[in-house]
Every structure is written in C-alpha cells, then in structure tokens.
file query.csv (CSV, C-alpha atoms and all ligand atoms)
chain,number,residue,atom,x,y,z
A,1,ASP,CA,11.7,-129.4,48.9
A,2,ALA,CA,14.1,-132.1,50.1
A,3,GLU,CA,11.2,-134.1,51.5
A,4,ILE,CA,9.7,-134.9,48.1
A,5,PRO,CA,11.5,-137.7,46.3
A,6,GLU,CA,12.8,-136.7,42.9
A,7,ASP,CA,11.1,-139.7,41.3
A,8,HIS,CA,7.7,-138.9,42.7
A,9,PRO,CA,5.4,-138.7,39.7
A,10,ARG,CA,4.0,-135.3,40.9
A,11,HIS,CA,7.4,-134.0,42.1
A,12,ASP,CA,7.3,-130.6,40.3
A,13,SER,CA,3.7,-129.9,41.2
A,14,LEU,CA,4.4,-130.7,44.9
A,15,VAL,CA,7.5,-128.5,45.0
A,16,THR,CA,5.5,-125.7,43.5
A,17,ARG,CA,2.7,-126.1,46.1
A,18,HIS,CA,5.2,-126.0,48.9
A,19,ARG,CA,6.6,-122.7,47.7
A,20,ILE,CA,3.1,-121.2,47.8
A,21,GLU,CA,2.6,-122.6,51.4
A,22,ASP,CA,5.9,-121.1,52.4
A,23,GLY,CA,4.9,-117.8,50.8
A,24,VAL,CA,1.8,-117.7,53.0
A,25,ASP,CA,3.9,-118.4,56.0
A,26,ARG,CA,6.3,-115.6,55.1
A,27,GLY,CA,3.5,-113.1,54.6
A,28,ILE,CA,4.2,-112.8,50.9
A,29,THR,CA,1.3,-114.8,49.5
A,30,SER,CA,-2.4,-114.1,50.5
A,31,ARG,CA,-4.8,-116.9,51.5
A,32,GLN,CA,-6.7,-116.2,48.2
A,33,GLY,CA,-3.4,-117.0,46.5
A,34,LEU,CA,-3.8,-120.6,47.7
A,35,ILE,CA,-7.1,-120.8,45.9
A,36,ALA,CA,-5.6,-119.3,42.7
A,37,GLN,CA,-2.8,-121.9,43.0
A,38,GLY,CA,-5.4,-124.7,43.2
A,39,ARG,CA,-7.1,-123.4,40.0
A,40,GLY,CA,-3.8,-123.2,38.3
A,41,GLU,CA,-2.8,-126.8,39.3
A,42,ALA,CA,-6.0,-128.1,37.7
A,43,PHE,CA,-5.3,-126.5,34.4
A,44,ASP,CA,-1.7,-127.5,34.5
A,45,TYR,CA,-2.7,-131.1,35.0
A,46,LEU,CA,-4.9,-130.9,32.0
A,47,LEU,CA,-2.1,-129.4,29.9
A,48,GLY,CA,0.2,-132.3,30.9
A,49,GLU,CA,2.4,-130.0,33.1
A,50,ARG,CA,4.5,-129.0,30.2
A,51,THR,CA,5.0,-126.0,28.0
A,52,ILE,CA,2.9,-126.6,24.9
A,53,PRO,CA,4.4,-125.5,21.6
A,54,SER,CA,2.0,-122.5,21.2
A,55,ALA,CA,3.0,-121.3,24.7
A,56,ASP,CA,6.7,-121.5,23.8
A,57,ASP,CA,5.8,-119.3,20.7
A,58,ALA,CA,4.1,-116.9,23.1
A,59,GLU,CA,7.1,-116.8,25.3
A,60,ARG,CA,9.3,-116.0,22.4
A,61,ALA,CA,6.9,-113.2,21.3
A,62,ALA,CA,6.9,-111.9,24.9
A,63,ALA,CA,10.7,-111.8,24.9
A,64,ALA,CA,10.7,-109.9,21.6
A,65,ALA,CA,8.1,-107.4,22.9
A,66,LEU,CA,10.0,-106.8,26.1
A,67,LEU,CA,13.3,-106.3,24.2
A,68,LEU,CA,11.6,-103.8,21.9
A,69,ALA,CA,10.0,-101.9,24.7
A,70,ASP,CA,11.1,-98.4,25.8
A,71,HIS,CA,9.8,-99.0,29.3
A,72,PRO,CA,9.0,-102.6,30.1
A,73,VAL,CA,7.7,-103.5,33.6
A,74,LEU,CA,7.2,-106.9,35.2
A,75,SER,CA,4.3,-106.8,37.6
A,76,VAL,CA,4.9,-109.0,40.7
A,77,ASN,CA,2.2,-110.4,43.0
A,78,GLY,CA,2.3,-112.7,46.0
A,79,ASN,CA,2.1,-115.9,44.0
A,80,VAL,CA,4.9,-115.3,41.5
A,81,ALA,CA,7.1,-113.8,44.2
A,82,ALA,CA,6.8,-117.0,46.2
A,83,LEU,CA,7.2,-119.2,43.1
A,84,VAL,CA,10.0,-117.6,41.0
A,85,PRO,CA,11.7,-114.6,42.8
A,86,GLY,CA,15.2,-115.2,41.4
A,87,GLU,CA,13.8,-116.0,38.0
A,88,LEU,CA,11.9,-112.7,37.9
A,89,VAL,CA,15.1,-110.8,38.7
A,90,GLU,CA,16.9,-112.7,36.0
A,91,LEU,CA,14.2,-111.8,33.4
A,92,ALA,CA,14.3,-108.2,34.5
A,93,ASP,CA,18.0,-108.1,34.0
A,94,ALA,CA,17.8,-109.9,30.6
A,95,VAL,CA,15.3,-107.4,29.1
A,96,ASP,CA,16.2,-104.4,31.2
A,97,ALA,CA,12.8,-104.1,32.8
A,98,ASP,CA,11.6,-102.7,36.1
A,99,LEU,CA,10.0,-104.9,38.8
A,100,GLU,CA,6.9,-103.5,40.4
A,101,VAL,CA,4.9,-105.1,43.2
A,102,ASN,CA,1.2,-104.9,42.3
A,103,LEU,CA,-1.3,-106.7,44.6
A,104,PHE,CA,-5.0,-107.4,44.2
A,105,ASN,CA,-5.4,-107.2,47.9
A,106,ARG,CA,-2.9,-104.6,48.8
A,107,THR,CA,-1.6,-104.3,52.3
A,108,GLU,CA,1.6,-102.3,53.2
A,109,GLU,CA,3.0,-105.3,55.1
A,110,ARG,CA,2.7,-107.6,52.1
A,111,MET,CA,4.0,-105.0,49.7
A,112,ALA,CA,7.1,-104.6,51.9
A,113,ALA,CA,7.6,-108.3,52.5
A,114,ILE,CA,7.5,-109.0,48.7
A,115,ALA,CA,9.9,-106.1,47.9
A,116,ASP,CA,12.3,-107.4,50.6
A,117,TYR,CA,12.1,-111.0,49.3
A,118,LEU,CA,12.9,-109.8,45.7
A,119,ARG,CA,15.9,-107.8,47.1
A,120,GLU,CA,17.1,-111.0,48.9
A,121,HIS,CA,17.0,-112.6,45.4
A,122,GLY,CA,19.1,-109.9,43.8
A,123,ALA,CA,16.7,-107.1,42.8
A,124,GLU,CA,18.2,-103.7,43.1
A,125,GLU,CA,15.2,-101.4,42.7
A,126,VAL,CA,11.6,-102.6,43.4
A,127,LYS,CA,8.7,-100.3,42.4
A,128,GLY,CA,5.1,-100.3,43.6
A,129,LEU,CA,5.5,-98.6,47.0
A,130,ALA,CA,5.0,-95.1,45.7
A,131,ALA,CA,1.5,-95.8,44.4
A,132,ASP,CA,1.3,-92.3,43.0
A,133,ALA,CA,-0.9,-93.1,40.0
A,134,ARG,CA,-4.1,-95.0,39.3
A,135,ILE,CA,-5.2,-97.4,36.5
A,136,PRO,CA,-8.3,-95.8,35.1
A,137,GLY,CA,-11.6,-97.7,35.6
A,138,LEU,CA,-10.7,-99.4,38.9
A,139,SER,CA,-11.6,-98.5,42.4
A,140,HIS,CA,-9.0,-96.5,44.4
A,141,GLU,CA,-7.2,-99.4,46.2
A,142,ARG,CA,-7.2,-101.8,43.3
A,143,GLY,CA,-5.9,-99.3,40.8
A,144,LYS,CA,-2.8,-98.2,42.7
A,145,VAL,CA,0.4,-98.2,40.6
A,146,ASP,CA,3.6,-96.2,40.4
A,147,ARG,CA,3.6,-93.4,37.9
A,148,ASP,CA,7.2,-94.1,36.7
A,149,GLY,CA,6.4,-97.9,36.6
A,150,ILE,CA,3.3,-99.7,35.3
A,151,TYR,CA,1.4,-96.4,34.7
A,152,GLU,CA,3.9,-95.2,32.1
A,153,ALA,CA,5.1,-98.6,30.9
A,154,ASP,CA,4.7,-99.4,27.2
A,155,VAL,CA,4.9,-103.2,27.8
A,156,VAL,CA,3.7,-104.9,31.0
A,157,LEU,CA,4.1,-108.5,32.0
A,158,VAL,CA,1.3,-109.5,34.4
A,159,PRO,CA,1.5,-113.1,35.6
A,160,LEU,CA,-1.8,-114.3,37.1
A,161,GLU,CA,-3.5,-111.0,36.9
A,162,ASP,CA,-7.2,-110.9,37.9
A,163,GLY,CA,-9.6,-110.4,35.1
A,164,ASP,CA,-10.8,-106.9,35.9
A,165,ARG,CA,-7.4,-105.4,36.3
A,166,ALA,CA,-6.1,-107.2,33.2
A,167,GLU,CA,-9.0,-105.6,31.2
A,168,ALA,CA,-8.4,-102.1,32.7
A,169,LEU,CA,-4.7,-102.4,31.9
A,170,GLY,CA,-5.4,-103.6,28.4
A,171,GLU,CA,-7.5,-100.4,27.8
A,172,MET,CA,-4.5,-98.3,28.7
A,173,ASP,CA,-2.9,-98.7,25.3
A,174,LYS,CA,0.0,-101.0,26.4
A,175,THR,CA,1.2,-104.3,25.1
A,176,GLU,CA,0.0,-106.6,27.9
A,177,ILE,CA,1.6,-110.0,28.3
A,178,VAL,CA,-0.4,-112.3,30.6
A,179,ILE,CA,0.8,-115.6,32.1
A,180,ASP,CA,-2.3,-117.6,33.0
A,181,LEU,CA,-2.9,-121.4,32.9
A,182,ASN,CA,-6.6,-120.9,32.1
A,183,PRO,CA,-7.1,-120.0,28.4
A,184,LEU,CA,-10.7,-119.1,29.2
A,185,SER,CA,-9.8,-116.6,31.9
A,186,ARG,CA,-10.6,-113.0,31.1
A,187,SER,CA,-7.0,-112.2,31.8
A,188,ALA,CA,-5.8,-114.4,29.0
A,189,GLN,CA,-8.6,-113.3,26.7
A,190,VAL,CA,-7.7,-109.6,27.0
A,191,ALA,CA,-4.0,-110.0,26.7
A,192,SER,CA,-2.0,-108.9,23.6
A,193,ILE,CA,0.2,-111.9,24.3
A,194,PRO,CA,-1.4,-114.6,26.4
A,195,ILE,CA,1.0,-117.2,27.7
A,196,VAL,CA,-0.9,-120.4,28.7
A,197,ASP,CA,1.8,-122.0,30.8
A,198,ASN,CA,2.8,-122.3,34.5
A,199,ALA,CA,4.6,-119.2,35.7
A,200,VAL,CA,7.3,-121.6,37.0
A,201,ARG,CA,8.1,-122.6,33.4
A,202,ALA,CA,7.0,-119.4,31.6
A,203,VAL,CA,9.3,-116.9,33.4
A,204,PRO,CA,12.5,-118.8,32.7
A,205,GLY,CA,11.2,-119.6,29.3
A,206,ILE,CA,10.9,-115.9,28.4
A,207,THR,CA,14.3,-115.3,29.8
A,208,ALA,CA,15.9,-118.1,27.6
A,209,HIS,CA,14.3,-116.6,24.5
A,210,ALA,CA,15.5,-113.1,25.5
A,211,HIS,CA,19.1,-114.4,25.7
A,212,ASP,CA,18.6,-116.1,22.4
A,213,LEU,CA,17.3,-112.9,20.8
A,214,ALA,CA,19.8,-110.5,22.5
A,215,ASP,CA,21.6,-109.7,19.3
A,216,ALA,CA,18.5,-109.6,17.0
A,217,ASP,CA,17.8,-106.3,15.3
A,218,ALA,CA,14.5,-104.4,15.9
A,219,ALA,CA,13.0,-105.5,12.5
A,220,THR,CA,13.5,-109.2,13.5
A,221,LEU,CA,12.0,-108.6,16.9
A,222,ARG,CA,9.1,-106.6,15.4
A,223,GLU,CA,8.4,-109.5,13.0
A,224,ILE,CA,8.2,-112.0,15.8
A,225,VAL,CA,5.7,-109.9,17.7
A,226,ASP,CA,3.6,-109.2,14.6
A,227,GLU,CA,3.5,-112.8,13.6
A,228,PHE,CA,2.2,-113.9,17.0
A,229,ASP,CA,-1.6,-114.6,16.9
A,230,ALA,CA,-3.2,-114.4,20.3
A,231,ASP,CA,-6.5,-116.0,19.3
A,232,ALA,CA,-4.7,-118.9,17.6
A,233,ALA,CA,-2.6,-119.4,20.8
A,234,LEU,CA,-5.7,-119.5,23.0
A,235,ALA,CA,-7.4,-121.9,20.6
A,236,ALA,CA,-4.4,-124.2,20.6
A,237,ALA,CA,-4.2,-124.2,24.4
A,238,GLU,CA,-7.9,-125.0,24.7
A,239,ASP,CA,-7.5,-127.8,22.2
A,240,ALA,CA,-4.5,-129.2,24.1
A,241,ILE,CA,-6.7,-129.2,27.3
A,242,ARG,CA,-9.4,-131.1,25.5
A,243,GLY,CA,-6.9,-133.7,24.3
A,244,GLY,CA,-7.0,-132.5,20.7
A,245,GLU,CA,-4.5,-132.9,17.9
A,246,MET,CA,-3.2,-129.3,17.4
A,247,GLU,CA,-0.5,-129.6,20.1
B,301,LIG,P1,-11.0,-114.3,35.6
B,301,LIG,O1,-9.7,-114.0,34.9
B,301,LIG,O2,-11.9,-115.2,34.7
B,301,LIG,O3,-11.7,-113.0,36.0
B,301,LIG,P2,-9.8,-114.5,38.1
B,301,LIG,O4,-8.6,-114.0,37.6
B,301,LIG,O5,-10.7,-113.7,38.9
B,301,LIG,O6,-10.7,-115.1,36.9
B,301,LIG,P3,-8.3,-116.2,39.9
B,301,LIG,O7,-8.7,-117.4,40.7
B,301,LIG,O8,-7.9,-115.0,40.7
B,301,LIG,O9,-9.6,-115.9,39.0
B,301,LIG,O10,-7.2,-116.5,38.9
B,301,LIG,C1,-6.1,-117.1,39.1
B,301,LIG,C2,-5.7,-117.6,37.8
B,301,LIG,O11,-4.3,-117.8,37.8
B,301,LIG,C3,-6.3,-118.8,37.3
B,301,LIG,O12,-6.8,-118.6,35.9
B,301,LIG,C4,-5.2,-119.9,37.4
B,301,LIG,O13,-5.3,-120.8,36.3
B,301,LIG,C5,-4.0,-119.0,37.2
B,301,LIG,N1,-2.8,-119.6,37.9
B,301,LIG,C6,-2.6,-120.0,39.1
B,301,LIG,N2,-1.4,-120.4,39.4
B,301,LIG,C7,-0.7,-120.2,38.2
B,301,LIG,C8,0.7,-120.4,37.9
B,301,LIG,N3,1.6,-120.9,38.7
B,301,LIG,N4,1.0,-120.1,36.6
B,301,LIG,C9,0.1,-119.6,35.7
B,301,LIG,N5,-1.2,-119.4,36.0
B,301,LIG,C10,-1.6,-119.7,37.2
B,302,MG,MG,-8.0,-114.6,35.6

call {"tool": "encode", "arguments": {"input": "query.csv", "output": "structure tokens"}}
result
Amino acid sequence: DAEIPEDHPRHDSLVTRHRIEDGVDRGITSRQGLIAQGRGEAFDYLLGERTIPSADDAERAAAAALLLADHPVLSVNGNVAALVPGELVELADAVDADLEVNLFNRTEERMAAIADYLREHGAEEVKGLAADARIPGLSHERGKVDRDGIYEADVVLVPLEDGDRAEALGEMDKTEIVIDLNPLSRSAQVASIPIVDNAVRAVPGITAHAHDLADADAATLREIVDEFDADAALAAAEDAIRGGEME
C-alpha cells in the first residue's frame, strides 16, 4: 500500500487491487477472483467510485434487517476476505452475526486459509468447515454450507455471490442481502436487498448504520426494511452508471 502515493487519482482503486493480488499470493483468493475484481472495477469506475445515495439507503436497510434477524450470517468468499477481513469481523460484532466461509470453487486449503485470516483479524468462531447441509438446487460441491450457519439463517449477507447460488439461496425463504457493483447481475436482481457498491465501502457502511441504529426499536427497524424498494434501488444504480439525473 505504501508504494501508491496518497494523491494518485486512482489511489483507492489501486490499493484495492493490491489487496486482491496479495490474497492470491496468500492462497485466500482464487485466480477467478482476479477476474471478478476486474469486472467490479469497471462498474465502480462508471459509478464514480463512490457510494451513491440509493446504495447508502440499501446499506441502512441491510443494517436494519441484520439487527432484526434471529440468526444472521455473513458469507465470506476469497475476494471479501482479502479486501475487508477486519471490517467483516466488526460488522459481525455490530449485528451479532456469524461469519461463514462459503466458496464457489471450494478447496479445503482455501477454506482453512480464509478461516485463519479472519481469526488473525479478530474473528472468534468461523463457520463453513462443517459443510453438513446443502443449498437445494445446486450440485453437491457448490451447495455445501453449515447446517447451523447459512442453512438455518434467516438473514444472509452475500457479497459478490455468483448468480446461480444467489438465486438458489433466494428460493430458501431468507432475506438475502447482496453486495454487487453490477446492478444487472443476477445476484443483484434476485436479492431482497441489493447493495450496488464496492464491498470495500459497503461493509463499513452497513456497520456505521448498525451502530447508528443500535438503540432503535423493532418497529423502527421493520419500517426501514419495509420502506426499502429493491427495484427502485437497482434502477437508480443503473441510471447513475448511465450518467442520469436520479443520483
Ligand atoms: P451473474 O451474477 O450475472 O451470474 P457472475 O456472478 O457469474 O454473474 P462474476 O464475475 O463471478 O459473475 O461476478 C463477480 C461480480 O462481483 C461482478 O458483478 C462484479 O461487478 C462484482 N464485484 C467484484 N468486485 C467487487 C467488489 N469489490 N465489490 C462489489 N462487487 C464486486
Ligand atoms: Mg453475479
């Protein structure tokens, strides 16, 4: 990080890219994760590398849904683990959620490397290694989850989930919160709460709202969730990308 001058116009984007490269070197991020990062960068560029107002609303709704949940779980893959390990632990603490490693291309080595990396950043318990339940509608390997984690969760945060799995999770009668910079992605389209923002900004953004809402009563939280309009949020993000006036 130190090699990139603070005043470089693409400073944040370059720091983010280096974290993904470092994640690959550590065995946390897959090579496919590099490609996902590239797609994300393109959309972030078009959004102006900022949290648009509709995404901030989505982050507030996500915080409210996580605080209302009986059993919230934050799903962690190789990209978010490399990008925001400490911030994920802080969010889990703020909303009392479990962290579960959940990989598209699952290998035991990467599962263990990610769990260790989260523990290095303060996580106490990391789920995902039991893999004693399956998401219905997915092939054996791709559907593996923990029974007392994602399988039984009522609210799940899935940053950068692949479209198929986001769809299968959505059919499981959960509140699904997706962080994805592409508003046209199937993952964003099937989410109950799509957050069109970079995970680097969105995760701490949700945490800030969770702290802000820590003393709110259930009725207030419920109202924030109910007022959130997923289709309007996706339309606002697409408009922002096209250079429109809504945002
Ligand atoms: P679909 O959802 O249409 O089936 P996909 O999920 O199979 O597509 P991927 O390339 O695996 O396609 O998806 C990666 C997604 O993650 C892209 O939509 C990309 O914009 C998004 N993404 C990548 N990096 C980030 C990031 N740091 N924050 C948020 N979203 C990101
Ligand atoms: Mg997707």

call {"tool": "closest_residue", "arguments": {"input": "query.csv", "among": "A:Asp164, A:Asp212, A:Asp154, A:Asp226", "to": "ligand MG 302 (chain B)", "atoms": "all atoms listed in the file"}}
result
A:Asp164

call {"tool": "residues_near_ligand", "arguments": {"input": "query.csv", "ligand": "ligand MG 302 (chain B)", "cutoff": "6 Å", "atoms": "only C-alpha atoms and all ligand atoms", "output": "MDAnalysis selection string"}}
result
chainID A and resid 161:163 185:187

call {"tool": "residues_around", "arguments": {"input": "query.csv", "residues": "segment 174-176 of chain A", "least_positions_apart": "4", "cutoff": "8 Å", "atoms": "all atoms listed in the file", "output": "JSON, numbers by chain"}}
result
{"A": [65, 153, 154, 155, 156, 157, 158, 169, 170, 191, 192, 193]}

call {"tool": "closest_atom_pairs", "arguments": {"input": "query.csv", "of": "chain A", "to": "ligand LIG 301 (chain B)", "cutoff": "8 Å", "atoms": "all atoms listed in the file", "output": "CSV"}}
result
residue,atom,partner,partner_atom,distance
A:Thr16,CA,B:LIG301,N3,7.8
A:Gln32,CA,B:LIG301,O8,7.7
A:Gly33,CA,B:LIG301,O8,7.6
A:Ile35,CA,B:LIG301,O7,6.4
A:Ala36,CA,B:LIG301,O7,4.1
A:Gln37,CA,B:LIG301,N2,4.1
A:Gly38,CA,B:LIG301,C6,6.8
A:Arg39,CA,B:LIG301,C4,4.8
A:Gly40,CA,B:LIG301,O13,3.5
A:Glu41,CA,B:LIG301,N2,6.6
A:Ala42,CA,B:LIG301,O13,7.5
A:Phe43,CA,B:LIG301,O13,6.0
A:Asp44,CA,B:LIG301,O13,7.8
A:Asn79,CA,B:LIG301,N3,7.3
A:Val80,CA,B:LIG301,N3,7.1
A:Leu83,CA,B:LIG301,N3,7.3
A:Pro159,CA,B:LIG301,C9,6.6
A:Leu160,CA,B:LIG301,O11,4.4
A:Glu161,CA,B:LIG301,O4,6.0
A:Asp162,CA,B:LIG301,O4,3.4
A:Gly163,CA,B:LIG301,O3,3.5
A:Asp164,CA,B:LIG301,O3,6.2
A:Ala166,CA,B:LIG301,O1,7.9
A:Ile179,CA,B:LIG301,C9,5.4
A:Asp180,CA,B:LIG301,N5,3.7
A:Leu181,CA,B:LIG301,N5,4.1
A:Asn182,CA,B:LIG301,O13,4.4
A:Pro183,CA,B:LIG301,O12,7.6
A:Leu184,CA,B:LIG301,O2,6.8
A:Ser185,CA,B:LIG301,O2,3.8
A:Arg186,CA,B:LIG301,O1,4.0
A:Ser187,CA,B:LIG301,O1,4.5
A:Ala188,CA,B:LIG301,O1,7.1
A:Val196,CA,B:LIG301,C9,7.1
A:Asp197,CA,B:LIG301,C9,5.7
A:Asn198,CA,B:LIG301,N4,3.5
A:Ala199,CA,B:LIG301,N4,3.8
A:Val200,CA,B:LIG301,N3,6.0
A:Ala202,CA,B:LIG301,N4,7.8

call {"tool": "atom_distance", "arguments": {"input": "query.csv", "atom1": "atom CA of Ala82 of chain A", "atom2": "atom CA of Glu100 of chain A"}}
result
14.7 Å

call {"tool": "residues_around", "arguments": {"input": "query.csv", "residues": "His211 of chain A", "least_positions_apart": "6", "cutoff": "12 Å", "atoms": "all atoms listed in the file", "output": "list in words"}}
result
Arg60, Ala63, Ala64, Leu66, Leu67, Glu90, Leu91, Ala92, Asp93, Ala94, Val95, Asp96, Pro204 and Gly205 of chain A

call {"tool": "residues_near_point", "arguments": {"input": "query.csv", "point": "(2.8, -106.6, 44.2)", "cutoff": "12 Å", "atoms": "only C-alpha atoms", "output": "PyMOL selection string"}}
result
chain A and resi 28-30+74-82+99-118+126-131+142-146+150+158-161

call {"tool": "decode", "arguments": {"input": "query.csv", "residues": "segment 206-220 of chain A", "atoms": "N, CA and C atoms", "output": "tab-separated table (two decimals), in the first residue's frame"}}
result
chain	number	residue	atom	x	y	z
A	206	ILE	N	-22.45	-0.51	6.17
A	206	ILE	CA	-23.51	-1.22	6.91
A	206	ILE	C	-23.21	-1.15	8.42
A	207	THR	N	-21.94	-1.32	8.77
A	207	THR	CA	-21.57	-1.27	10.19
A	207	THR	C	-21.88	0.09	10.80
A	208	ALA	N	-21.58	1.16	10.07
A	208	ALA	CA	-21.86	2.51	10.58
A	208	ALA	C	-23.36	2.68	10.82
A	209	HIS	N	-24.18	2.19	9.88
A	209	HIS	CA	-25.63	2.28	10.08
A	209	HIS	C	-26.08	1.41	11.27
A	210	ALA	N	-25.45	0.25	11.42
A	210	ALA	CA	-25.82	-0.64	12.54
A	210	ALA	C	-25.53	0.05	13.88
A	211	HIS	N	-24.40	0.75	13.97
A	211	HIS	CA	-24.10	1.49	15.21
A	211	HIS	C	-25.12	2.59	15.43
A	212	ASP	N	-25.46	3.27	14.35
A	212	ASP	CA	-26.43	4.36	14.42
A	212	ASP	C	-27.81	3.85	14.87
A	213	LEU	N	-28.16	2.62	14.47
A	213	LEU	CA	-29.49	2.06	14.76
A	213	LEU	C	-29.48	1.15	15.99
A	214	ALA	N	-28.37	1.11	16.70
A	214	ALA	CA	-28.23	0.14	17.80
A	214	ALA	C	-29.35	0.25	18.84
A	215	ASP	N	-29.84	1.47	19.08
A	215	ASP	CA	-30.89	1.65	20.10
A	215	ASP	C	-32.29	1.75	19.52
A	216	ALA	N	-32.42	1.57	18.21
A	216	ALA	CA	-33.75	1.68	17.59
A	216	ALA	C	-34.61	0.48	17.98
A	217	ASP	N	-35.94	0.72	18.13
A	217	ASP	CA	-36.81	-0.41	18.48
A	217	ASP	C	-37.16	-1.21	17.22
A	218	ALA	N	-37.74	-2.40	17.45
A	218	ALA	CA	-38.02	-3.32	16.34
A	218	ALA	C	-38.96	-2.69	15.30
A	219	ALA	N	-39.93	-1.90	15.77
A	219	ALA	CA	-40.89	-1.30	14.83
A	219	ALA	C	-40.17	-0.33	13.87
A	220	THR	N	-39.23	0.43	14.42
A	220	THR	CA	-38.47	1.38	13.59
A	220	THR	C	-37.62	0.61	12.57
